[in-house]
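Q: Provided herewith: query35.pdb, PDB, C-alpha atoms.
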ATOM      1  CA  MET A   7      19.803 -28.093   2.247
ATOM      2  CA  LEU A   8      16.290 -26.946   3.163
ATOM      3  CA  ARG A   9      13.612 -27.021   0.470
ATOM      4  CA  LYS A  10      11.078 -24.247   0.028
ATOM      5  CA  PRO A  11       8.262 -26.091   1.898
ATOM      6  CA  GLN A  12      10.632 -26.735   4.802
ATOM      7  CA  ILE A  13      11.699 -23.089   4.867
ATOM      8  CA  ALA A  14       8.053 -22.006   4.889
ATOM      9  CA  VAL A  15       7.275 -24.313   7.826
ATOM     10  CA  ALA A  16      10.308 -23.037   9.733
ATOM     11  CA  LEU A  17       9.245 -19.441   9.151
ATOM     12  CA  MET A  18       5.704 -20.200  10.323
ATOM     13  CA  LEU A  19       7.009 -21.834  13.506
ATOM     14  CA  ALA A  20       9.282 -18.858  14.198
ATOM     15  CA  LEU A  21       6.350 -16.478  13.679
ATOM     16  CA  GLN A  22       4.153 -18.456  16.056
ATOM     17  CA  ILE A  23       6.889 -18.399  18.692
ATOM     18  CA  CYS A  24       7.236 -14.614  18.364
ATOM     19  CA  VAL A  25       3.471 -14.075  18.533
ATOM     20  CA  GLY A  26       3.261 -16.363  21.548
ATOM     21  CA  ALA A  27       6.018 -14.447  23.339
ATOM     22  CA  ASP A  28       4.262 -11.147  22.651
ATOM     23  CA  SER A  29       0.974 -12.534  24.012
ATOM     24  CA  LEU A  30       2.714 -13.647  27.204
ATOM     25  CA  GLN A  31       4.249 -10.219  27.730
ATOM     26  CA  GLU A  32       0.913  -8.499  27.097
ATOM     27  CA  ALA A  33      -0.556 -10.426  30.041
ATOM     28  CA  VAL A  34       1.738  -8.452  32.378
ATOM     29  CA  LEU A  35       0.610  -4.859  32.933
ATOM     30  CA  GLU A  36       3.159  -2.064  33.312
ATOM     31  CA  LEU A  37       2.497   0.161  36.326
ATOM     32  CA  SER A  38       4.152   3.424  37.318
ATOM     33  CA  THR A  39       3.864   6.194  39.879
ATOM     34  CA  SER A  40       1.056   7.757  37.850
ATOM     35  CA  ASN A  41      -1.359   4.813  38.028
ATOM     36  CA  ALA A  42      -0.208   2.356  40.716
ATOM     37  CA  ASP A  43      -2.149   3.842  43.645
ATOM     38  CA  ALA A  44      -5.472   3.926  41.837
ATOM     39  CA  LEU A  45      -5.152   0.422  40.385
ATOM     40  CA  LEU A  46      -3.720  -1.399  43.400
ATOM     41  CA  ALA A  47      -6.304   0.002  45.813
ATOM     42  CA  SER A  48      -8.773  -2.741  44.877
ATOM     43  CA  GLY A  49      -8.735  -6.267  43.502
ATOM     44  CA  THR A  50      -6.028  -8.914  43.678
ATOM     45  CA  TRP A  51      -2.611  -8.310  42.153
ATOM     46  CA  MET A  52       0.830  -9.801  41.814
ATOM     47  CA  VAL A  53       3.357  -6.990  41.371
ATOM     48  CA  GLU A  54       7.002  -7.388  40.434
ATOM     49  CA  PHE A  55       9.613  -4.679  40.917
ATOM     50  CA  TYR A  56      12.356  -5.181  38.336
ATOM     51  CA  ALA A  57      15.328  -3.445  36.752
ATOM     52  CA  PRO A  58      16.052  -3.629  33.003
ATOM     53  CA  TRP A  59      19.714  -4.468  33.653
ATOM     54  CA  CYS A  60      18.907  -7.234  36.167
ATOM     55  CA  GLY A  61      19.852 -10.684  34.854
ATOM     56  CA  PHE A  62      17.691 -12.445  37.440
ATOM     57  CA  CYS A  63      14.716 -10.354  36.281
ATOM     58  CA  GLN A  64      15.325 -11.250  32.652
ATOM     59  CA  ARG A  65      15.427 -14.963  33.444
ATOM     60  CA  PHE A  66      12.342 -14.681  35.640
ATOM     61  CA  ALA A  67      10.297 -12.745  33.039
ATOM     62  CA  PRO A  68       9.044 -15.757  30.963
ATOM     63  CA  THR A  69       7.920 -17.610  34.107
ATOM     64  CA  TYR A  70       6.180 -14.529  35.432
ATOM     65  CA  ALA A  71       4.432 -13.989  32.092
ATOM     66  CA  GLU A  72       3.231 -17.615  31.980
ATOM     67  CA  ALA A  73       1.798 -17.235  35.488
ATOM     68  CA  ALA A  74       0.076 -14.035  34.362
ATOM     69  CA  VAL A  75      -1.706 -15.841  31.539
ATOM     70  CA  GLU A  76      -2.980 -18.532  33.891
ATOM     71  CA  LEU A  77      -3.993 -16.053  36.605
ATOM     72  CA  SER A  78      -5.904 -13.852  34.165
ATOM     73  CA  SER A  79      -8.710 -16.435  34.136
ATOM     74  CA  GLN A  80      -8.795 -16.530  37.938
ATOM     75  CA  GLY A  81      -9.407 -12.861  38.626
ATOM     76  CA  VAL A  82      -5.815 -11.997  39.534
ATOM     77  CA  LYS A  83      -4.077  -9.171  37.696
ATOM     78  CA  VAL A  84      -0.322  -9.364  37.197
ATOM     79  CA  ALA A  85       1.852  -6.286  36.854
ATOM     80  CA  LYS A  86       5.442  -5.106  36.881
ATOM     81  CA  ILE A  87       7.101  -1.847  37.898
ATOM     82  CA  ASP A  88      10.458  -0.592  36.670
ATOM     83  CA  GLY A  89      12.123   0.196  39.977
ATOM     84  CA  THR A  90      14.830   2.295  38.315
ATOM     85  CA  LYS A  91      12.261   4.682  36.812
ATOM     86  CA  ASN A  92       9.872   4.643  39.777
ATOM     87  CA  GLN A  93      12.240   5.042  42.700
ATOM     88  CA  ALA A  94       9.584   6.621  44.918
ATOM     89  CA  LEU A  95       7.385   3.527  44.552
ATOM     90  CA  SER A  96      10.370   1.296  45.300
ATOM     91  CA  ALA A  97      11.007   3.279  48.483
ATOM     92  CA  ARG A  98       7.374   3.027  49.553
ATOM     93  CA  PHE A  99       7.409  -0.771  49.154
ATOM     94  CA  GLY A 100      10.822  -1.081  50.798
ATOM     95  CA  VAL A 101      12.362  -2.771  47.769
ATOM     96  CA  GLN A 102      15.997  -3.682  48.414
ATOM     97  CA  GLY A 103      16.740  -5.868  45.406
ATOM     98  CA  PHE A 104      15.412  -7.067  42.074
ATOM     99  CA  PRO A 105      13.245  -8.875  41.329
ATOM    100  CA  THR A 106      10.932  -8.420  44.308
ATOM    101  CA  VAL A 107       7.338  -9.652  44.043
ATOM    102  CA  PHE A 108       4.376  -8.576  46.155
ATOM    103  CA  HIS A 109       0.820  -9.831  46.466
ATOM    104  CA  VAL A 110      -1.748  -7.057  46.887
ATOM    105  CA  HIS A 111      -5.328  -7.825  47.875
ATOM    106  CA  ASP A 112      -7.673  -4.849  48.322
ATOM    107  CA  GLY A 113      -4.709  -2.677  49.303
ATOM    108  CA  GLU A 114      -3.199  -5.216  51.724
ATOM    109  CA  VAL A 115       0.392  -6.082  50.778
ATOM    110  CA  ARG A 116       2.260  -9.363  51.281
ATOM    111  CA  THR A 117       5.735 -10.327  50.115
ATOM    112  CA  PHE A 118       6.122 -13.316  47.801
ATOM    113  CA  GLU A 119       9.130 -15.280  49.055
ATOM    114  CA  GLU A 120       8.366 -18.730  47.634
ATOM    115  CA  GLU A 121      10.095 -20.578  44.801
ATOM    116  CA  ARG A 122      10.092 -18.516  41.627
ATOM    117  CA  SER A 123       8.131 -21.005  39.549
ATOM    118  CA  LYS A 124       4.852 -20.627  37.716
ATOM    119  CA  GLU A 125       3.167 -23.107  40.049
ATOM    120  CA  SER A 126       4.313 -21.252  43.179
ATOM    121  CA  LEU A 127       3.223 -17.897  41.792
ATOM    122  CA  VAL A 128      -0.234 -19.186  40.856
ATOM    123  CA  SER A 129      -0.689 -20.986  44.186
ATOM    124  CA  PHE A 130       0.357 -17.965  46.251
ATOM    125  CA  ALA A 131      -1.716 -15.524  44.195
ATOM    126  CA  THR A 132      -4.927 -17.542  44.514
ATOM    127  CA  THR A 133      -4.906 -19.126  47.974
ATOM    128  CA  GLY A 134      -1.408 -19.256  49.497
ATOM    129  CA  TRP A 135      -1.399 -15.579  50.480
ATOM    130  CA  LYS A 136      -4.037 -16.289  53.131
ATOM    131  CA  ASP A 137      -1.434 -18.185  55.183
ATOM    132  CA  HIS A 138       0.885 -15.157  55.379
ATOM    133  CA  GLN A 139       0.627 -12.006  57.443
ATOM    134  CA  PRO A 140       0.702  -8.635  55.659
ATOM    135  CA  ALA A 141       4.209  -7.252  55.219
ATOM    136  CA  PHE A 142       3.085  -3.834  56.464
ATOM    137  CA  SER A 143       0.683  -2.528  59.095
ATOM    138  CA  SER A 144      -2.420  -0.785  57.797
ATOM    139  CA  PHE A 145      -0.976   2.596  58.840
ATOM    140  CA  MET A 146       2.369   2.031  57.105
ATOM    141  CA  SER A 147       0.980   0.361  53.998
ATOM    142  CA  PRO A 148       2.786   1.395  50.790
ATOM    143  CA  LEU A 149      -0.606   2.589  49.563
ATOM    144  CA  GLY A 150      -1.365   4.625  52.707
ATOM    145  CA  ILE A 151      -0.954   8.359  53.286
ATOM    146  CA  PRO A 152       2.359   8.188  55.254
ATOM    147  CA  LYS A 153       4.087   6.153  52.553
ATOM    148  CA  ARG A 154       2.632   8.376  49.836
ATOM    149  CA  ALA A 155       4.179  11.310  51.662
ATOM    150  CA  LEU A 156       7.485   9.422  51.718
ATOM    151  CA  GLY A 157       7.187   8.862  47.983
ATOM    152  CA  LEU A 158       6.577  12.570  47.446
ATOM    153  CA  LEU A 159       9.702  13.425  49.437
ATOM    154  CA  VAL A 160      11.733  10.958  47.375
ATOM    155  CA  ASP A 161      10.423  12.523  44.150
ATOM    156  CA  ILE A 162      11.318  16.001  45.423
ATOM    157  CA  ALA A 163      14.800  14.859  46.438
ATOM    158  CA  LEU A 164      15.374  13.282  43.012
ATOM    159  CA  ALA A 165      14.110  16.414  41.261
ATOM    160  CA  LEU A 166      16.446  18.621  43.318
ATOM    161  CA  GLN A 167      19.362  16.294  42.597
ATOM    162  CA  GLY A 168      18.566  16.484  38.903
ATOM    163  CA  TRP A 169      18.354  20.276  39.099
ATOM    164  CA  TYR A 170      21.684  20.437  40.929
ATOM    165  CA  ASP A 171      23.336  18.301  38.235
ATOM    166  CA  HIS A 172      21.756  20.477  35.536
ATOM    167  CA  LEU A 173      23.054  23.678  37.130
ATOM    168  CA  ARG A 174      26.545  22.224  37.313
ATOM    169  CA  GLU A 175      26.629  20.793  33.791
ATOM    170  CA  ALA A 176      24.573  23.279  31.767
ATOM    171  CA  TYR A 177      25.652  26.544  33.431
ATOM    172  CA  GLY A 178      29.028  25.550  34.813
ATOM    173  CA  LEU A 179      28.176  26.822  38.294
ATOM    174  CA  SER A 180      30.564  26.081  41.102
ATOM    175  CA  GLN A 181      29.582  23.460  43.660
ATOM    176  CA  PRO A 182      28.845  25.974  46.497
ATOM    177  CA  ILE A 183      26.598  28.117  44.291
ATOM    178  CA  ALA A 184      24.740  25.097  42.901
ATOM    179  CA  ILE A 185      24.264  23.745  46.438
ATOM    180  CA  GLY A 186      23.034  27.156  47.632
ATOM    181  CA  ILE A 187      20.452  27.403  44.875
ATOM    182  CA  SER A 188      19.324  23.829  45.521
ATOM    183  CA  LEU A 189      18.966  24.527  49.260
ATOM    184  CA  LEU A 190      16.944  27.651  48.511
ATOM    185  CA  ALA A 191      14.685  25.612  46.224
ATOM    186  CA  THR A 192      14.324  23.009  48.981
ATOM    187  CA  ILE A 193      13.276  25.658  51.509
ATOM    188  CA  LEU A 194      10.774  27.219  49.113
ATOM    189  CA  THR A 195       9.363  23.791  48.306
ATOM    190  CA  GLY A 196       8.995  22.989  52.021
ATOM    191  CA  VAL A 197       7.230  26.280  52.719
ATOM    192  CA  THR A 198       4.883  25.724  49.782
ATOM    193  CA  LEU A 199       4.040  22.184  50.900
ATOM    194  CA  GLY A 200       3.524  23.374  54.481
ATOM    195  CA  PHE A 201       1.119  26.051  53.261
ATOM    196  CA  ILE A 202      -0.839  23.556  51.179
ATOM    197  CA  ILE A 203      -1.023  21.087  54.089
ATOM    198  CA  SER A 204      -2.225  23.837  56.437
ATOM    199  CA  LEU A 205      -5.048  24.631  54.032
ATOM    200  CA  PHE A 206      -6.323  21.070  53.892
ATOM    201  CA  PHE A 207      -5.372  19.978  57.416
ATOM    202  CA  PRO A 208      -5.605  23.079  59.638
ATOM    203  CA  HIS A 209      -4.498  22.979  63.267
ATOM    204  CA  PRO A 210      -7.355  22.019  65.684
ATOM    205  CA  ALA A 211      -7.126  25.412  67.428
ATOM    206  CA  ALA A 212      -7.560  27.184  64.097
ATOM    207  CA  ARG A 213     -10.642  25.080  63.329
ATOM    208  CA  GLN A 214     -12.142  25.917  66.737
ATOM    209  CA  LYS A 215     -11.668  29.638  66.198
ATOM    210  CA  ARG A 216     -13.368  29.473  62.825
ATOM    211  CA  ASP A 217     -16.230  27.479  64.362
TER     212      ASP A 217
END
I need this file expressed as structure tokens, please.
A:
Amino acid sequence: MLRKPQIAVALMLALQICVGADSLQEAVLELSTSNADALLASGTWMVEFYAPWCGFCQRFAPTYAEAAVELSSQGVKVAKIDGTKNQALSARFGVQGFPTVFHVHDGEVRTFEEERSKESLVSFATTGWKDHQPAFSSFMSPLGIPKRALGLLVDIALALQGWYDHLREAYGLSQPIAIGISLLATILTGVTLGFIISLFFPHPAARQKRD
């Protein structure tokens, strides 16, 4: 039977373990569609795409957090992105499974495919990445304009799918009517985007006439 001093020591140890776990998790930043482009454009990052239901991700999380603590003193930021909530970002990075880890240095992206250990993560993040070619060309970088456009299309498609489901469930519309309304919304969205693009990126002939 534990005595009061022993119980107090056990409680203190449990508290320290909990605090330590929280500190590890705080070393890993949470990115999303709203802030990823601005933050990843500069500096050195390790970025993990994960899914909350992924068992591999859950087992990898403590190792990743430990690497984050060590890398924080070496000028490398460590982040994670919920791929299930940020599907457009997952599409831009070509994520096909979880967890997937990337190294980003001043906007240049490389895939981490080494052993999933703290030592491998730290080594790759600091010097090992220099021995690997970028995973994407500069034009097709996940942080470039073409991939941002792809992300926008994915967001629009997801929004239209959500609207279609809402029309079916909330208003009880038949499938043909719900599809028709969704197609009309798609056309209107395309026309609107085309108009906006023409304002900012006019055709060369139109620019010449204005000049």
Q: Can you list what the PyMOL selection byres ((chain A and resi 53-69) around 6) grabs from this structure, as a PyMOL selection string?
A: chain A and resi 52+70-72+85-90+104-108+124
Q: Check which residues satisfy the PyMOL selection byres ((chain A and resi 153) around 12) in the file shown, then give them as a PyMOL selection string.
A: chain A and resi 43+94-100+142-152+154-160
Q: Please evaluate the PyMOL selection byres ((chain A and resi 129-131) around 8) against the displayed coordinates and give the resulting residues as a list in words.
A: Thr50, Trp51, Met52, Leu77, Val82, His109, Phe118, Glu125, Ser126, Leu127, Val128, Thr132, Thr133, Gly134 and Trp135 of chain A
Q: Would you place a box with edges along x, y and z of the file around all atoms of range 39-53 of chain A listed there, add 8 Å to each of its six sides, and report the centre and edge lengths in Å to one decimal, as JSON?
A:
{"center_x": -2.5, "center_y": -1.0, "center_z": 41.8, "size_x": 28.6, "size_y": 33.6, "size_z": 24.0}
Q: Taking only C-alpha atoms into account, name the residue in A:Ile162, A:Ala42, A:Leu173, A:Ala73 that is nearest to Ile185 in chain A.
A: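 That would be A:Leu173, the residue with the smallest distance to Ile185 in chain A.
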Q: How far is it from CA of Ser180 in chain A to CA of Lys91 in chain A, in Å with one decimal?
A: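 CA of Lys91 in chain A lies at a distance of 28.5 Å from CA of Ser180 in chain A.
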Q: Could you tell me how far CA of Gln139 in chain A lies from CA of Leu46 in chain A, in Å and to one decimal?
A: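 So the two atoms, CA of Gln139 in chain A and CA of Leu46 in chain A, lie 18.1 Å apart.
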Q: Please compute the CA of Ala47 in chain A-CA of Val115 in chain A distance, one decimal, in Å.
A: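 About the pair CA of Ala47 in chain A and CA of Val115 in chain A: they are 10.3 Å apart.
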